[in-house]
Amino acid sequence: MKNFNLLIFLFSFSSIFSQPNCEAYKYYGETLKYEACKKAEQIENHYQFSKKFQEILDESIFIDSTFAYAYREKSVAYLKSGDFITWKRLIDKAVKFNIKENLGYRGWCRYQFFRDYKGAIKDIEKLDTLVDYDIGQSINGTYHLNIAKGLCYKAIGEKEKAIKIIENQIKLNEKEDFVGAYDYLHLGVLYLETERLEKAIEMFKKQSKTNELAENQYYLALTYRKLDNPPESISCLKKAKELYIEERKMFDPYSNPMDKIYLENIENEIKTAYNNGYK
Amino acid sequence: MKKSFLVIISFFSILCNCQTEKKVNEKQVYLRWVGDIEQNDQTDELNFKVCNGDDKTFQYFNLGKGPDYSGEKSKILNAFKSKYQPISDKNQNGLIRIRFIVNCEGIAGRFRVLQSDYNYQEIEFDKRIISQLLDITKGIDNWKIQYRKEMPIDYYMYLIFKITDGQLKEIIP
């Protein structure tokens, strides 16, 4: 039991957001927020799913029912357990009471946990109109929020719009030397799906240099197949399988990322290639 | 007449406000963890057992391996693709979550259903949709056994189904 608690305790740190600076509320004379904030600080060392964690935040909200941070923290366990109804009710409160800090986060969660593409686009675009600074990354750091927005446009069938958004953001990311772990791959897949095959290869090669993945070799194989180059295609599929077995594949601790493939996909492609007479 | 009517309305208005206030101040009661599912002998399979006790049941992501399926997710997708019969109805739209426990033997039990429209408002789907999704989920007989320190654990798992016009569009996670 002790070990069980320790494990859960360790996991709790990976998802707690940066805590607000309670002293700042005091400085600006927001006494109730200061008190609610001090109460909320007590969640430290409690697992976000636990009864104690939730009760402390209830008390924080009881002190100041407009304290956005407490709602957001409360919402996380509901998000991760797939309770979209309670999550939405809580995160909407967080957005209501601190829109700039929570809108991008809500948008990302809509995408990551519920594949709510239209809702995510709406949140991210609204945030863009509210602030004059960079809207930043998803909470897990995997994507710039604009890349996530591009993926949502792709999912609702607006591929050209998705390409423009992702191309622009990758250019900006390259300037900052901060390209996301899957950025080139997603753009490559979009090029492949819209028959810009040379551009697709260019992106997959860039992805190979920054973060080689089974998915990358798989989609490269599909591109070579379309270019009528079976030897290259087979070679990429074999590499894809090796990478997959070595666990070098797309990963998200909570969900399956867009463009992710499974071993079955690779093996089916290899079978098809051999059935078509390629050695 | 008008005056007494107003008095009555005011009285009820105050009464309602008091009740609302009371509700807000009521302390919410939580189980050990958010989303814990207690055994219900009326509806749950009596033979289903949690191996290590309810208080040691994890969430699927606690071991950092992501959503992990026996035969990978493609097996789950194939099961629903081949078995789910769409109900053609423009009014059947939203999210359905089926959450359950996977025990140390990879067997699932204590299934619970949550339903909402695409605005996250609770609704009730056509029973034929729910029963199909439940039956197919219950029919998956070997879930991934997760281990911690070489010991098999029990964990909570869920599937979320996106339904549009009665068609199954996506399965998450």
# chains A, B, ... in the order shown; residues from 1 in each chain; ligands from 1
call {"tool": "closest_atom_pairs", "arguments": {"of": "chain B", "to": "chain A", "cutoff": "6 Å", "atoms": "only C-alpha atoms", "output": "JSON lines"}}
result
{"residue": "B:Tyr30", "atom": "CA", "partner": "A:Lys51", "partner_atom": "CA", "distance": 5.6}
{"residue": "B:Arg32", "atom": "CA", "partner": "A:Lys51", "partner_atom": "CA", "distance": 5.5}
{"residue": "B:Trp33", "atom": "CA", "partner": "A:Ser50", "partner_atom": "CA", "distance": 4.5}
{"residue": "B:Val34", "atom": "CA", "partner": "A:Phe49", "partner_atom": "CA", "distance": 5.1}
{"residue": "B:Gly64", "atom": "CA", "partner": "A:Pro253", "partner_atom": "CA", "distance": 5.9}
{"residue": "B:Gly66", "atom": "CA", "partner": "A:Pro253", "partner_atom": "CA", "distance": 3.9}
{"residue": "B:Tyr120", "atom": "CA", "partner": "A:Ile85", "partner_atom": "CA", "distance": 5.3}
{"residue": "B:Pro173", "atom": "CA", "partner": "A:Ser255", "partner_atom": "CA", "distance": 4.4}
call {"tool": "write_last_selection", "arguments": {"atoms": "C-alpha atoms", "output": "PDB file, in the first residue's frame"}}
result
ATOM      1  CA  TYR B  30     -16.196  11.763  -2.691  1.00  0.00           C
ATOM      2  CA  ARG B  32     -11.366   7.282  -2.559  1.00  0.00           C
ATOM      3  CA  TRP B  33     -10.671   8.596  -6.076  1.00  0.00           C
ATOM      4  CA  VAL B  34     -12.665  10.533  -8.652  1.00  0.00           C
ATOM      5  CA  GLY B  64       3.049   5.599 -18.074  1.00  0.00           C
ATOM      6  CA  GLY B  66      -0.504   5.065 -22.444  1.00  0.00           C
ATOM      7  CA  TYR B 120     -21.098  18.190 -23.215  1.00  0.00           C
ATOM      8  CA  PRO B 173      -8.354   6.862 -26.396  1.00  0.00           C
TER       9      PRO B 173
END
call {"tool": "residues_around", "arguments": {"residues": "Ala36 in chain A", "least_positions_apart": "2", "cutoff": "10 Å", "atoms": "only C-alpha atoms", "output": "PyMOL selection string"}}
result
chain A and resi 22+25+31-34+38-41+56-67+69-70
call {"tool": "atom_distance", "arguments": {"atom1": "CA of Leu159 in chain B", "atom2": "CA of Asn40 in chain B"}}
result
20.6 Å
call {"tool": "closest_residue", "arguments": {"among": "B:Asn78, B:Gln59, B:Ser131, B:Asn103", "to": "Ile145 in chain B", "atoms": "only C-alpha atoms"}}
result
B:Asn103
call {"tool": "select_by_dssp", "arguments": {"residues": "range 99-143 of chain A", "states": "alpha helix (DSSP H)", "output": "MDAnalysis selection string"}}
result
chainID A and resid 99:114 117:130
call {"tool": "residues_around", "arguments": {"residues": "Glu242 in chain A", "least_positions_apart": "3", "cutoff": "12 Å", "atoms": "only C-alpha atoms", "output": "PyMOL selection string"}}
result
chain A and resi 212-215+217-218+235-239+245-249+263+266-267
call {"tool": "decode", "arguments": {"residues": "range 69-92 of chain A", "atoms": "N, CA and C atoms", "output": "PDB file, in the first residue's frame"}}
result
ATOM      1  N   TYR A  69      -8.077  28.967 -10.792  1.00  0.00           N
ATOM      2  CA  TYR A  69      -7.080  27.898 -10.618  1.00  0.00           C
ATOM      3  C   TYR A  69      -7.689  26.659  -9.935  1.00  0.00           C
ATOM      4  N   ALA A  70      -8.527  26.881  -8.932  1.00  0.00           N
ATOM      5  CA  ALA A  70      -9.115  25.757  -8.190  1.00  0.00           C
ATOM      6  C   ALA A  70     -10.026  24.927  -9.104  1.00  0.00           C
ATOM      7  N   TYR A  71     -10.805  25.604  -9.937  1.00  0.00           N
ATOM      8  CA  TYR A  71     -11.680  24.861 -10.871  1.00  0.00           C
ATOM      9  C   TYR A  71     -10.840  24.041 -11.849  1.00  0.00           C
ATOM     10  N   ARG A  72      -9.789  24.669 -12.343  1.00  0.00           N
ATOM     11  CA  ARG A  72      -8.952  23.984 -13.334  1.00  0.00           C
ATOM     12  C   ARG A  72      -8.291  22.750 -12.722  1.00  0.00           C
ATOM     13  N   GLU A  73      -7.759  22.915 -11.542  1.00  0.00           N
ATOM     14  CA  GLU A  73      -7.127  21.773 -10.876  1.00  0.00           C
ATOM     15  C   GLU A  73      -8.135  20.659 -10.599  1.00  0.00           C
ATOM     16  N   LYS A  74      -9.324  21.053 -10.151  1.00  0.00           N
ATOM     17  CA  LYS A  74     -10.365  20.058  -9.879  1.00  0.00           C
ATOM     18  C   LYS A  74     -10.730  19.275 -11.139  1.00  0.00           C
ATOM     19  N   SER A  75     -10.700  19.989 -12.266  1.00  0.00           N
ATOM     20  CA  SER A  75     -11.188  19.381 -13.514  1.00  0.00           C
ATOM     21  C   SER A  75     -10.301  18.245 -14.021  1.00  0.00           C
ATOM     22  N   VAL A  76      -9.020  18.252 -13.639  1.00  0.00           N
ATOM     23  CA  VAL A  76      -8.061  17.341 -14.271  1.00  0.00           C
ATOM     24  C   VAL A  76      -8.420  15.859 -14.094  1.00  0.00           C
ATOM     25  N   ALA A  77      -8.812  15.485 -12.887  1.00  0.00           N
ATOM     26  CA  ALA A  77      -9.133  14.062 -12.650  1.00  0.00           C
ATOM     27  C   ALA A  77     -10.335  13.637 -13.494  1.00  0.00           C
ATOM     28  N   TYR A  78     -11.277  14.558 -13.674  1.00  0.00           N
ATOM     29  CA  TYR A  78     -12.455  14.234 -14.494  1.00  0.00           C
ATOM     30  C   TYR A  78     -12.058  14.102 -15.967  1.00  0.00           C
ATOM     31  N   LEU A  79     -11.160  14.974 -16.377  1.00  0.00           N
ATOM     32  CA  LEU A  79     -10.644  14.903 -17.756  1.00  0.00           C
ATOM     33  C   LEU A  79      -9.993  13.543 -17.998  1.00  0.00           C
ATOM     34  N   LYS A  80      -9.102  13.178 -17.085  1.00  0.00           N
ATOM     35  CA  LYS A  80      -8.313  11.961 -17.294  1.00  0.00           C
ATOM     36  C   LYS A  80      -9.135  10.684 -17.109  1.00  0.00           C
ATOM     37  N   SER A  81     -10.263  10.795 -16.412  1.00  0.00           N
ATOM     38  CA  SER A  81     -11.096   9.594 -16.283  1.00  0.00           C
ATOM     39  C   SER A  81     -12.202   9.586 -17.343  1.00  0.00           C
ATOM     40  N   GLY A  82     -12.124  10.551 -18.251  1.00  0.00           N
ATOM     41  CA  GLY A  82     -13.066  10.565 -19.375  1.00  0.00           C
ATOM     42  C   GLY A  82     -14.449  11.076 -19.029  1.00  0.00           C
ATOM     43  N   ASP A  83     -14.606  11.712 -17.864  1.00  0.00           N
ATOM     44  CA  ASP A  83     -15.922  12.257 -17.488  1.00  0.00           C
ATOM     45  C   ASP A  83     -16.058  13.646 -18.126  1.00  0.00           C
ATOM     46  N   PHE A  84     -16.436  13.628 -19.385  1.00  0.00           N
ATOM     47  CA  PHE A  84     -16.459  14.882 -20.153  1.00  0.00           C
ATOM     48  C   PHE A  84     -17.498  15.875 -19.628  1.00  0.00           C
ATOM     49  N   ILE A  85     -18.531  15.388 -18.985  1.00  0.00           N
ATOM     50  CA  ILE A  85     -19.587  16.297 -18.514  1.00  0.00           C
ATOM     51  C   ILE A  85     -19.091  17.126 -17.326  1.00  0.00           C
ATOM     52  N   THR A  86     -18.558  16.449 -16.317  1.00  0.00           N
ATOM     53  CA  THR A  86     -18.072  17.185 -15.137  1.00  0.00           C
ATOM     54  C   THR A  86     -16.846  18.020 -15.496  1.00  0.00           C
ATOM     55  N   TRP A  87     -15.961  17.453 -16.320  1.00  0.00           N
ATOM     56  CA  TRP A  87     -14.769  18.204 -16.745  1.00  0.00           C
ATOM     57  C   TRP A  87     -15.173  19.533 -17.384  1.00  0.00           C
ATOM     58  N   LYS A  88     -16.123  19.451 -18.313  1.00  0.00           N
ATOM     59  CA  LYS A  88     -16.495  20.656 -19.055  1.00  0.00           C
ATOM     60  C   LYS A  88     -17.113  21.703 -18.131  1.00  0.00           C
ATOM     61  N   ARG A  89     -17.924  21.228 -17.197  1.00  0.00           N
ATOM     62  CA  ARG A  89     -18.563  22.159 -16.258  1.00  0.00           C
ATOM     63  C   ARG A  89     -17.499  22.899 -15.445  1.00  0.00           C
ATOM     64  N   LEU A  90     -16.470  22.175 -15.020  1.00  0.00           N
ATOM     65  CA  LEU A  90     -15.427  22.786 -14.188  1.00  0.00           C
ATOM     66  C   LEU A  90     -14.493  23.672 -15.011  1.00  0.00           C
ATOM     67  N   ILE A  91     -14.066  23.185 -16.154  1.00  0.00           N
ATOM     68  CA  ILE A  91     -13.104  23.967 -16.943  1.00  0.00           C
ATOM     69  C   ILE A  91     -13.764  25.229 -17.521  1.00  0.00           C
ATOM     70  N   ASP A  92     -15.068  25.151 -17.748  1.00  0.00           N
ATOM     71  CA  ASP A  92     -15.777  26.353 -18.211  1.00  0.00           C
ATOM     72  C   ASP A  92     -15.726  27.452 -17.148  1.00  0.00           C
TER      73      ASP A  92
END
